[in-house]
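Shown next: structure.pdb, given as PDB, C-alpha atoms.
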ATOM      1  CA  MET A  21      30.898  -6.378  -6.438  1.00  0.00           C
ATOM      2  CA  PRO A  22      31.695  -3.060  -8.183  1.00  0.00           C
ATOM      3  CA  ILE A  23      33.186  -0.227  -6.177  1.00  0.00           C
ATOM      4  CA  LEU A  24      30.644   2.562  -5.678  1.00  0.00           C
ATOM      5  CA  LEU A  25      33.079   5.461  -5.971  1.00  0.00           C
ATOM      6  CA  ASN A  26      34.406   4.085  -9.268  1.00  0.00           C
ATOM      7  CA  LEU A  27      30.866   3.970 -10.658  1.00  0.00           C
ATOM      8  CA  LEU A  28      30.250   7.552  -9.561  1.00  0.00           C
ATOM      9  CA  GLN A  29      33.484   8.857 -11.082  1.00  0.00           C
ATOM     10  CA  PRO A  30      31.992   9.424 -14.580  1.00  0.00           C
ATOM     11  CA  VAL A  31      29.239  11.475 -12.955  1.00  0.00           C
ATOM     12  CA  LEU A  32      31.742  13.579 -11.059  1.00  0.00           C
ATOM     13  CA  GLU A  33      33.896  14.100 -14.168  1.00  0.00           C
ATOM     14  CA  SER A  34      30.909  15.163 -16.272  1.00  0.00           C
ATOM     15  CA  VAL A  35      29.533  17.681 -13.780  1.00  0.00           C
ATOM     16  CA  GLY A  36      31.284  20.654 -15.350  1.00  0.00           C
ATOM     17  CA  ASP A  37      30.115  19.890 -18.890  1.00  0.00           C
ATOM     18  CA  ARG A  38      26.592  18.987 -17.816  1.00  0.00           C
ATOM     19  CA  CYS A  39      26.247  22.165 -15.784  1.00  0.00           C
ATOM     20  CA  ARG A  40      27.386  24.293 -18.714  1.00  0.00           C
ATOM     21  CA  LEU A  41      25.029  22.483 -21.088  1.00  0.00           C
ATOM     22  CA  ARG A  42      22.098  22.804 -18.678  1.00  0.00           C
ATOM     23  CA  ILE A  43      20.392  19.662 -20.004  1.00  0.00           C
ATOM     24  CA  ASP A  44      17.390  20.387 -17.802  1.00  0.00           C
ATOM     25  CA  ASP A  45      16.725  24.123 -17.769  1.00  0.00           C
ATOM     26  CA  ARG A  46      14.507  23.788 -14.722  1.00  0.00           C
ATOM     27  CA  LEU A  47      17.495  22.829 -12.566  1.00  0.00           C
ATOM     28  CA  SER A  48      20.439  24.849 -11.392  1.00  0.00           C
ATOM     29  CA  PRO A  49      23.849  23.200 -11.926  1.00  0.00           C
ATOM     30  CA  LEU A  50      24.082  22.393  -8.218  1.00  0.00           C
ATOM     31  CA  ASP A  51      20.589  20.865  -8.145  1.00  0.00           C
ATOM     32  CA  TRP A  52      21.378  18.738 -11.201  1.00  0.00           C
ATOM     33  CA  TYR A  53      24.606  17.515  -9.596  1.00  0.00           C
ATOM     34  CA  ASN A  54      22.951  16.663  -6.278  1.00  0.00           C
ATOM     35  CA  ARG A  55      20.020  14.849  -7.871  1.00  0.00           C
ATOM     36  CA  THR A  56      22.266  12.816 -10.146  1.00  0.00           C
ATOM     37  CA  ILE A  57      24.526  11.714  -7.286  1.00  0.00           C
ATOM     38  CA  PHE A  58      21.630  10.608  -5.066  1.00  0.00           C
ATOM     39  CA  ASP A  59      19.920   8.794  -7.934  1.00  0.00           C
ATOM     40  CA  ASN A  60      23.071   6.943  -8.952  1.00  0.00           C
ATOM     41  CA  VAL A  61      23.799   5.861  -5.384  1.00  0.00           C
ATOM     42  CA  SER A  62      20.275   4.471  -5.072  1.00  0.00           C
ATOM     43  CA  LYS A  63      20.507   2.651  -8.412  1.00  0.00           C
ATOM     44  CA  PHE A  64      23.800   1.105  -7.318  1.00  0.00           C
ATOM     45  CA  LEU A  65      22.322  -0.096  -4.027  1.00  0.00           C
ATOM     46  CA  ILE A  66      19.159  -1.654  -5.453  1.00  0.00           C
ATOM     47  CA  GLU A  67      21.052  -3.417  -8.250  1.00  0.00           C
ATOM     48  CA  GLN A  68      23.746  -4.789  -5.920  1.00  0.00           C
ATOM     49  CA  TYR A  69      21.403  -5.696  -3.062  1.00  0.00           C
ATOM     50  CA  SER A  70      18.233  -6.666  -4.935  1.00  0.00           C
ATOM     51  CA  PRO A  71      17.157  -9.355  -2.388  1.00  0.00           C
ATOM     52  CA  ASP A  72      17.217  -6.726   0.393  1.00  0.00           C
ATOM     53  CA  PHE A  73      15.059  -4.335  -1.623  1.00  0.00           C
ATOM     54  CA  ALA A  74      12.780  -7.145  -2.790  1.00  0.00           C
ATOM     55  CA  SER A  75      12.189  -8.188   0.812  1.00  0.00           C
ATOM     56  CA  TRP A  76      11.315  -4.595   1.718  1.00  0.00           C
ATOM     57  CA  LEU A  77       9.241  -3.565  -1.303  1.00  0.00           C
ATOM     58  CA  ILE A  78       7.815  -6.866  -2.568  1.00  0.00           C
ATOM     59  CA  GLY A  79       7.728  -8.925   0.612  1.00  0.00           C
ATOM     60  CA  GLU A  80       9.956 -11.684  -0.773  1.00  0.00           C
ATOM     61  CA  SER A  81      13.740 -12.000  -0.538  1.00  0.00           C
ATOM     62  CA  ILE A  82      14.385 -12.881  -4.178  1.00  0.00           C
ATOM     63  CA  VAL A  83      17.223 -12.131  -6.567  1.00  0.00           C
ATOM     64  CA  LEU A  84      16.237  -9.692  -9.306  1.00  0.00           C
ATOM     65  CA  SER A  85      18.096  -9.040 -12.539  1.00  0.00           C
ATOM     66  CA  GLU A  86      18.233  -5.788 -14.472  1.00  0.00           C
ATOM     67  CA  LEU A  87      15.580  -5.188 -17.113  1.00  0.00           C
ATOM     68  CA  SER A  88      16.720  -2.719 -19.748  1.00  0.00           C
ATOM     69  CA  PRO A  89      14.202   0.006 -20.640  1.00  0.00           C
ATOM     70  CA  SER A  90      14.998  -0.749 -24.282  1.00  0.00           C
ATOM     71  CA  GLU A  91      13.178  -4.080 -23.871  1.00  0.00           C
ATOM     72  CA  LEU A  92      10.016  -2.052 -23.352  1.00  0.00           C
ATOM     73  CA  SER A  93      10.732   0.366 -26.207  1.00  0.00           C
ATOM     74  CA  LEU A  94      10.931   2.845 -23.372  1.00  0.00           C
ATOM     75  CA  GLU A  95      12.831   6.127 -23.451  1.00  0.00           C
ATOM     76  CA  PRO A  96      12.547   7.358 -19.872  1.00  0.00           C
ATOM     77  CA  ILE A  97      12.431  11.071 -19.185  1.00  0.00           C
ATOM     78  CA  ARG A  98      15.018  10.563 -16.475  1.00  0.00           C
ATOM     79  CA  ALA A  99      17.014   7.363 -17.029  1.00  0.00           C
ATOM     80  CA  ASP A 100      19.066   8.088 -13.912  1.00  0.00           C
ATOM     81  CA  ALA A 101      15.988   7.777 -11.678  1.00  0.00           C
ATOM     82  CA  LEU A 102      14.435   4.712 -13.321  1.00  0.00           C
ATOM     83  CA  VAL A 103      15.086   1.209 -12.002  1.00  0.00           C
ATOM     84  CA  LEU A 104      13.580  -1.866 -13.647  1.00  0.00           C
ATOM     85  CA  LEU A 105      14.369  -5.281 -12.157  1.00  0.00           C
ATOM     86  CA  GLN A 106      12.770  -8.654 -12.793  1.00  0.00           C
ATOM     87  CA  SER A 107      12.523 -12.272 -11.751  1.00  0.00           C
ATOM     88  CA  ALA A 108      10.661 -15.071 -13.494  1.00  0.00           C
ATOM     89  CA  GLU A 109       7.349 -13.943 -11.993  1.00  0.00           C
ATOM     90  CA  VAL A 110       7.618 -10.300 -10.957  1.00  0.00           C
ATOM     91  CA  ILE A 111       8.900  -6.950 -12.244  1.00  0.00           C
ATOM     92  CA  LEU A 112       9.927  -4.208  -9.834  1.00  0.00           C
ATOM     93  CA  HIS A 113       9.713  -0.680 -11.192  1.00  0.00           C
ATOM     94  CA  CYS A 114      11.275   1.691  -8.685  1.00  0.00           C
ATOM     95  CA  GLU A 115      11.820   5.451  -8.880  1.00  0.00           C
ATOM     96  CA  PHE A 116      14.021   7.309  -6.415  1.00  0.00           C
ATOM     97  CA  GLN A 117      13.012  10.946  -6.071  1.00  0.00           C
ATOM     98  CA  THR A 118      14.870  13.626  -4.164  1.00  0.00           C
ATOM     99  CA  ASP A 119      12.099  16.154  -4.837  1.00  0.00           C
ATOM    100  CA  PRO A 120       8.443  15.920  -5.927  1.00  0.00           C
ATOM    101  CA  ASP A 121       7.630  15.565  -9.613  1.00  0.00           C
ATOM    102  CA  PRO A 122       4.142  16.570 -10.833  1.00  0.00           C
ATOM    103  CA  MET A 123       4.481  14.183 -13.794  1.00  0.00           C
ATOM    104  CA  MET A 124       5.131  11.116 -11.627  1.00  0.00           C
ATOM    105  CA  PRO A 125       1.571   9.659 -11.682  1.00  0.00           C
ATOM    106  CA  PHE A 126       1.439   9.842 -15.476  1.00  0.00           C
ATOM    107  CA  ARG A 127       4.903   8.295 -15.817  1.00  0.00           C
ATOM    108  CA  MET A 128       3.977   5.391 -13.555  1.00  0.00           C
ATOM    109  CA  ALA A 129       0.826   4.707 -15.586  1.00  0.00           C
ATOM    110  CA  ASP A 130       2.770   4.975 -18.840  1.00  0.00           C
ATOM    111  CA  TYR A 131       5.458   2.562 -17.644  1.00  0.00           C
ATOM    112  CA  ALA A 132       2.835   0.127 -16.326  1.00  0.00           C
ATOM    113  CA  LEU A 133       1.149  -0.123 -19.711  1.00  0.00           C
ATOM    114  CA  ARG A 134       4.481  -0.626 -21.460  1.00  0.00           C
ATOM    115  CA  VAL A 135       5.456  -3.386 -19.018  1.00  0.00           C
ATOM    116  CA  TYR A 136       2.083  -5.081 -19.465  1.00  0.00           C
ATOM    117  CA  ARG A 137       2.421  -4.986 -23.247  1.00  0.00           C
ATOM    118  CA  ARG A 138       5.775  -6.810 -23.067  1.00  0.00           C
ATOM    119  CA  PHE A 139       5.203  -9.025 -20.003  1.00  0.00           C
ATOM    120  CA  PRO A 140       1.433  -9.481 -19.566  1.00  0.00           C
ATOM    121  CA  HIS A 141       1.788 -12.494 -17.258  1.00  0.00           C
ATOM    122  CA  LYS A 142       4.253 -10.982 -14.788  1.00  0.00           C
ATOM    123  CA  ARG A 143       3.190  -9.221 -11.603  1.00  0.00           C
ATOM    124  CA  LEU A 144       4.229  -5.571 -11.592  1.00  0.00           C
ATOM    125  CA  VAL A 145       5.229  -3.761  -8.392  1.00  0.00           C
ATOM    126  CA  GLN A 146       5.711  -0.013  -8.781  1.00  0.00           C
ATOM    127  CA  VAL A 147       7.175   2.092  -5.988  1.00  0.00           C
ATOM    128  CA  VAL A 148       8.192   5.746  -5.805  1.00  0.00           C
ATOM    129  CA  ILE A 149      10.674   6.350  -2.975  1.00  0.00           C
ATOM    130  CA  TYR A 150      10.955   9.949  -1.834  1.00  0.00           C
ATOM    131  CA  LEU A 151      14.293  10.615  -0.177  1.00  0.00           C
ATOM    132  CA  ARG A 152      13.998  14.169   1.143  1.00  0.00           C
ATOM    133  CA  ARG A 153      11.313  15.336   3.539  1.00  0.00           C
ATOM    134  CA  THR A 154       8.795  17.771   2.088  1.00  0.00           C
ATOM    135  CA  ASP A 155       5.326  19.084   2.846  1.00  0.00           C
ATOM    136  CA  SER A 156       4.364  19.038  -0.834  1.00  0.00           C
ATOM    137  CA  GLU A 157       1.070  17.312  -1.544  1.00  0.00           C
ATOM    138  CA  LEU A 158       2.680  15.757  -4.619  1.00  0.00           C
ATOM    139  CA  VAL A 159       4.385  13.086  -2.500  1.00  0.00           C
ATOM    140  CA  GLN A 160       0.952  11.911  -1.349  1.00  0.00           C
ATOM    141  CA  GLN A 161      -0.170  11.057  -4.869  1.00  0.00           C
ATOM    142  CA  THR A 162      -0.576   7.329  -5.511  1.00  0.00           C
ATOM    143  CA  THR A 163      -3.034   7.400  -8.413  1.00  0.00           C
ATOM    144  CA  PHE A 164      -3.212   8.541 -12.024  1.00  0.00           C
ATOM    145  CA  VAL A 165      -6.703   9.216 -13.386  1.00  0.00           C
ATOM    146  CA  ALA A 166      -7.551  10.270 -16.938  1.00  0.00           C
ATOM    147  CA  ASN A 167     -10.997   9.802 -18.435  1.00  0.00           C
ATOM    148  CA  ARG A 168     -11.852   6.212 -17.439  1.00  0.00           C
ATOM    149  CA  LEU A 169      -8.254   5.129 -16.918  1.00  0.00           C
ATOM    150  CA  ARG A 170      -7.219   4.700 -13.297  1.00  0.00           C
ATOM    151  CA  HIS A 171      -3.799   3.446 -12.222  1.00  0.00           C
ATOM    152  CA  GLU A 172      -2.416   3.037  -8.693  1.00  0.00           C
ATOM    153  CA  PHE A 173       1.161   2.714  -7.454  1.00  0.00           C
ATOM    154  CA  GLN A 174       2.954   2.626  -4.127  1.00  0.00           C
ATOM    155  CA  VAL A 175       4.733   5.547  -2.498  1.00  0.00           C
ATOM    156  CA  VAL A 176       7.340   5.379   0.275  1.00  0.00           C
ATOM    157  CA  ARG A 177       8.232   8.570   2.135  1.00  0.00           C
ATOM    158  CA  LEU A 178      11.428   7.640   3.918  1.00  0.00           C
ATOM    159  CA  TRP A 179      10.963  10.180   6.701  1.00  0.00           C
ATOM    160  CA  GLU A 180       7.843   8.262   7.796  1.00  0.00           C
ATOM    161  CA  GLN A 181       9.578   4.867   7.988  1.00  0.00           C
ATOM    162  CA  PRO A 182      11.059   3.525  11.277  1.00  0.00           C
ATOM    163  CA  PRO A 183      14.871   3.196  11.256  1.00  0.00           C
ATOM    164  CA  GLU A 184      14.661  -0.467  12.251  1.00  0.00           C
ATOM    165  CA  ILE A 185      13.487  -1.413   8.750  1.00  0.00           C
ATOM    166  CA  PHE A 186      16.797  -0.295   7.273  1.00  0.00           C
ATOM    167  CA  LEU A 187      19.120  -1.531   9.994  1.00  0.00           C
ATOM    168  CA  LYS A 188      18.224  -5.182   9.401  1.00  0.00           C
ATOM    169  CA  ARG A 189      19.629  -5.582   5.870  1.00  0.00           C
ATOM    170  CA  PRO A 190      23.011  -4.353   4.512  1.00  0.00           C
ATOM    171  CA  GLY A 191      21.650  -2.924   1.272  1.00  0.00           C
ATOM    172  CA  LEU A 192      19.153  -0.741   3.131  1.00  0.00           C
ATOM    173  CA  LEU A 193      21.579   0.646   5.728  1.00  0.00           C
ATOM    174  CA  PRO A 194      22.317   3.921   3.874  1.00  0.00           C
ATOM    175  CA  TYR A 195      18.628   4.896   4.025  1.00  0.00           C
ATOM    176  CA  ALA A 196      18.357   4.639   7.812  1.00  0.00           C
ATOM    177  CA  VAL A 197      19.627   8.198   8.289  1.00  0.00           C
ATOM    178  CA  LEU A 198      16.704   9.477   6.160  1.00  0.00           C
ATOM    179  CA  SER A 199      14.092   7.625   8.199  1.00  0.00           C
ATOM    180  CA  GLN A 200      11.763   8.769  10.968  1.00  0.00           C
ATOM    181  CA  THR A 201      14.093  10.072  13.652  1.00  0.00           C
ATOM    182  CA  SER A 202      14.902  13.255  15.518  1.00  0.00           C
ATOM    183  CA  ASP A 203      18.536  12.190  15.852  1.00  0.00           C
ATOM    184  CA  HIS A 204      19.982  11.752  12.368  1.00  0.00           C
ATOM    185  CA  SER A 205      23.541  11.874  13.716  1.00  0.00           C
ATOM    186  CA  GLY A 206      22.809   9.090  16.187  1.00  0.00           C
ATOM    187  CA  VAL A 207      21.282   6.895  13.486  1.00  0.00           C
ATOM    188  CA  LEU A 208      24.270   7.478  11.211  1.00  0.00           C
ATOM    189  CA  ARG A 209      26.595   6.393  14.044  1.00  0.00           C
ATOM    190  CA  GLU A 210      24.507   3.249  14.490  1.00  0.00           C
ATOM    191  CA  VAL A 211      24.707   2.570  10.745  1.00  0.00           C
ATOM    192  CA  ALA A 212      28.503   2.921  10.892  1.00  0.00           C
ATOM    193  CA  GLN A 213      28.670   0.408  13.739  1.00  0.00           C
ATOM    194  CA  VAL A 214      26.619  -2.132  11.776  1.00  0.00           C
ATOM    195  CA  ILE A 215      28.737  -1.621   8.655  1.00  0.00           C
ATOM    196  CA  ASP A 216      31.885  -2.293  10.697  1.00  0.00           C
ATOM    197  CA  THR A 217      30.587  -5.787  11.495  1.00  0.00           C
ATOM    198  CA  LEU A 218      30.258  -6.797   7.830  1.00  0.00           C
ATOM    199  CA  PRO A 219      32.872  -9.334   6.658  1.00  0.00           C
ATOM    200  CA  SER A 220      33.788  -7.747   3.310  1.00  0.00           C
ATOM    201  CA  ARG A 221      36.005  -4.653   3.271  1.00  0.00           C
ATOM    202  CA  GLN A 222      34.702  -3.670  -0.168  1.00  0.00           C
ATOM    203  CA  GLN A 223      31.142  -3.972   1.065  1.00  0.00           C
ATOM    204  CA  GLN A 224      32.045  -1.804   4.037  1.00  0.00           C
ATOM    205  CA  SER A 225      33.588   0.827   1.768  1.00  0.00           C
ATOM    206  CA  ASN A 226      30.622   0.893  -0.609  1.00  0.00           C
ATOM    207  CA  LEU A 227      28.020   1.156   2.133  1.00  0.00           C
ATOM    208  CA  THR A 228      30.012   3.749   4.049  1.00  0.00           C
ATOM    209  CA  ALA A 229      30.300   5.909   0.931  1.00  0.00           C
ATOM    210  CA  ALA A 230      26.605   5.490   0.105  1.00  0.00           C
ATOM    211  CA  SER A 231      25.576   6.288   3.677  1.00  0.00           C
ATOM    212  CA  GLY A 232      27.706   9.425   3.726  1.00  0.00           C
ATOM    213  CA  ILE A 233      26.323  10.681   0.409  1.00  0.00           C
ATOM    214  CA  LEU A 234      22.674  10.130   1.333  1.00  0.00           C
ATOM    215  CA  ALA A 235      23.224  11.596   4.796  1.00  0.00           C
ATOM    216  CA  GLY A 236      23.982  14.863   3.017  1.00  0.00           C
ATOM    217  CA  LEU A 237      20.221  15.259   2.538  1.00  0.00           C
ATOM    218  CA  VAL A 238      19.692  15.756   6.284  1.00  0.00           C
ATOM    219  CA  LEU A 239      23.120  16.552   7.752  1.00  0.00           C
ATOM    220  CA  SER A 240      25.827  19.068   6.897  1.00  0.00           C
ATOM    221  CA  LYS A 241      29.002  17.872   5.203  1.00  0.00           C
ATOM    222  CA  GLN A 242      30.978  18.808   8.295  1.00  0.00           C
ATOM    223  CA  VAL A 243      28.840  16.585  10.535  1.00  0.00           C
ATOM    224  CA  VAL A 244      29.005  13.681   8.070  1.00  0.00           C
ATOM    225  CA  ARG A 245      32.796  13.972   7.844  1.00  0.00           C
ATOM    226  CA  ARG A 246      33.172  14.192  11.622  1.00  0.00           C
ATOM    227  CA  LEU A 247      31.024  11.122  12.184  1.00  0.00           C
ATOM    228  CA  GLY A 248      32.899   9.263   9.440  1.00  0.00           C
ATOM    229  CA  SER A 249      36.262  10.087  11.024  1.00  0.00           C
ATOM    230  CA  ALA A 250      35.046   9.024  14.448  1.00  0.00           C
ATOM    231  CA  SER A 251      33.944   5.612  13.141  1.00  0.00           C
ATOM    232  CA  ASN A 252      37.336   4.858  11.504  1.00  0.00           C
TER     233      ASN A 252
END
For the structure just supplied, provide its representation as structure tokens.
Amino acid sequence: MPILLNLLQPVLESVGDRCRLRIDDRLSPLDWYNRTIFDNVSKFLIEQYSPDFASWLIGESIVLSELSPSELSLEPIRADALVLLQSAEVILHCEFQTDPDPMMPFRMADYALRVYRRFPHKRLVQVVIYLRRTDSELVQQTTFVANRLRHEFQVVRLWEQPPEIFLKRPGLLPYAVLSQTSDHSGVLREVAQVIDTLPSRQQQSNLTAASGILAGLVLSKQVVRRLGSASN
């Protein structure tokens, strides 16, 4: 299993150049950095723990392999947020979103048509996972409608999900702190206790790092560091 912090290192090293280039003019340098980190952590988790995510999002604990967007002649607007995984019978298209995106319904419909063109006999499961709590109506959208075209997809708002869902499977542990709770610190402590019981030290390190990064969406860095020190 790859080491999460090693995979994130290129992102960290490129932050200065990316911020100066301002690839997306709608984002401040800090917003770009934060979004990229959260997206890359989520991509790492779903690719390394695909059976855990498949059990949660598809309802079957199956191993999924990566499907390159190039196989669909697809040039995603945000490659860092796009996850395409497949088995012999199903394709999982997952998007992790820190903040709402008004173009999301169109993108999901566009991707669905491209997947169907290439794999017409495979079942497609599309899920948008919103990480950070918001009152925006955009995170309620599950349908794209244009003329007579209508396309539906699933949406998961993590802050509405019970923590128990994420505490049952290692790959989902880092999302528990973003779930429906009034005690984020307490949930993060519980996550740390579960991680400590895992047999692999590398797995412990990866999940601890991922949990700490995602916890930054709901807890201050000082609290995350204090809880991390207390669990060591």
- Please write the residues picked by the PyMOL selection byres ((chain A and resi 58) around 9) on this file as a ChimeraX atom specification. /A:53-57,59-63,116-118,151,230,233-234
- Task: Take the PyMOL selection byres ((chain A and resi 72-88) around 12), apply it to the structure above, and return the hits as a PyMOL selection string.
- Result: chain A and resi 62-71+89-96+99+102-114+135+138-139+143-149+173-176+181+184-193+195
- Message: Can you translate the PyMOL selection byres ((chain A and resi 208-213) around 9) into the concrete residues it hits in this file, as number ranges by chain?
- Response: A: 187, 193-194, 196-197, 203-207, 214-217, 227-228, 231-232, 235, 244, 247-248, 250-251
- atom CA of Leu178 of chain A and atom CA of Ala229 of chain A, how far apart in Å? 19.2 Å
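Among the candidates A:Arg153, A:Leu218, A:Leu169, A:Lys142, the residue lying nearest to Ala129 of chain A is A:Leu169 (atoms considered: only C-alpha atoms).
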With all atoms of segment 58-73 of chain A from the file as input, state the centre and edge lengths in Å to one decimal of the axis-aligned box that has 5 Å extra on each side, as JSON.
{"center_x": 19.4, "center_y": 0.6, "center_z": -4.3, "size_x": 18.7, "size_y": 30.0, "size_z": 19.3}
- Using all atoms listed in the file: which of A:Ser156, A:Thr163, A:Thr201, A:Ser225 has the shortest distance to Phe126 of chain A: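 Selected residue with least distance to Phe126 of chain A: A:Thr163.
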Would you mind putting N, CA and C atoms back on segment 121-135 of chain A and writing the result as an mmCIF file, in the frame of the given file?
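Produced file result.cif, reproduced below:
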data_model
loop_
_atom_site.group_PDB
_atom_site.id
_atom_site.type_symbol
_atom_site.label_atom_id
_atom_site.label_comp_id
_atom_site.auth_asym_id
_atom_site.auth_seq_id
_atom_site.Cartn_x
_atom_site.Cartn_y
_atom_site.Cartn_z
ATOM 1 N N ASP A 121 7.729 15.404 -8.170
ATOM 2 C CA ASP A 121 7.630 15.565 -9.613
ATOM 3 C C ASP A 121 6.149 15.491 -9.993
ATOM 4 N N PRO A 122 5.575 16.577 -10.497
ATOM 5 C CA PRO A 122 4.142 16.570 -10.833
ATOM 6 C C PRO A 122 3.773 15.574 -11.925
ATOM 7 N N MET A 123 4.751 15.130 -12.716
ATOM 8 C CA MET A 123 4.481 14.183 -13.794
ATOM 9 C C MET A 123 4.580 12.721 -13.338
ATOM 10 N N MET A 124 4.902 12.485 -12.075
ATOM 11 C CA MET A 124 5.131 11.116 -11.627
ATOM 12 C C MET A 124 3.932 10.195 -11.827
ATOM 13 N N PRO A 125 2.701 10.582 -11.464
ATOM 14 C CA PRO A 125 1.571 9.659 -11.682
ATOM 15 C C PRO A 125 1.415 9.237 -13.140
ATOM 16 N N PHE A 126 1.545 10.188 -14.054
ATOM 17 C CA PHE A 126 1.439 9.842 -15.476
ATOM 18 C C PHE A 126 2.543 8.885 -15.890
ATOM 19 N N ARG A 127 3.774 9.149 -15.448
ATOM 20 C CA ARG A 127 4.903 8.295 -15.817
ATOM 21 C C ARG A 127 4.696 6.876 -15.321
ATOM 22 N N MET A 128 4.193 6.730 -14.093
ATOM 23 C CA MET A 128 3.977 5.391 -13.555
ATOM 24 C C MET A 128 2.920 4.643 -14.363
ATOM 25 N N ALA A 129 1.857 5.343 -14.760
ATOM 26 C CA ALA A 129 0.826 4.707 -15.586
ATOM 27 C C ALA A 129 1.385 4.338 -16.957
ATOM 28 N N ASP A 130 2.174 5.221 -17.534
ATOM 29 C CA ASP A 130 2.770 4.975 -18.840
ATOM 30 C C ASP A 130 3.688 3.761 -18.793
ATOM 31 N N TYR A 131 4.541 3.691 -17.771
ATOM 32 C CA TYR A 131 5.458 2.562 -17.644
ATOM 33 C C TYR A 131 4.693 1.264 -17.409
ATOM 34 N N ALA A 132 3.615 1.335 -16.624
ATOM 35 C CA ALA A 132 2.835 0.127 -16.326
ATOM 36 C C ALA A 132 2.237 -0.464 -17.593
ATOM 37 N N LEU A 133 1.730 0.364 -18.465
ATOM 38 C CA LEU A 133 1.149 -0.123 -19.711
ATOM 39 C C LEU A 133 2.217 -0.725 -20.623
ATOM 40 N N ARG A 134 3.389 -0.109 -20.632
ATOM 41 C CA ARG A 134 4.481 -0.626 -21.460
ATOM 42 C C ARG A 134 4.969 -1.980 -20.933
ATOM 43 N N VAL A 135 5.057 -2.105 -19.611
ATOM 44 C CA VAL A 135 5.456 -3.386 -19.018
ATOM 45 C C VAL A 135 4.413 -4.456 -19.324
#
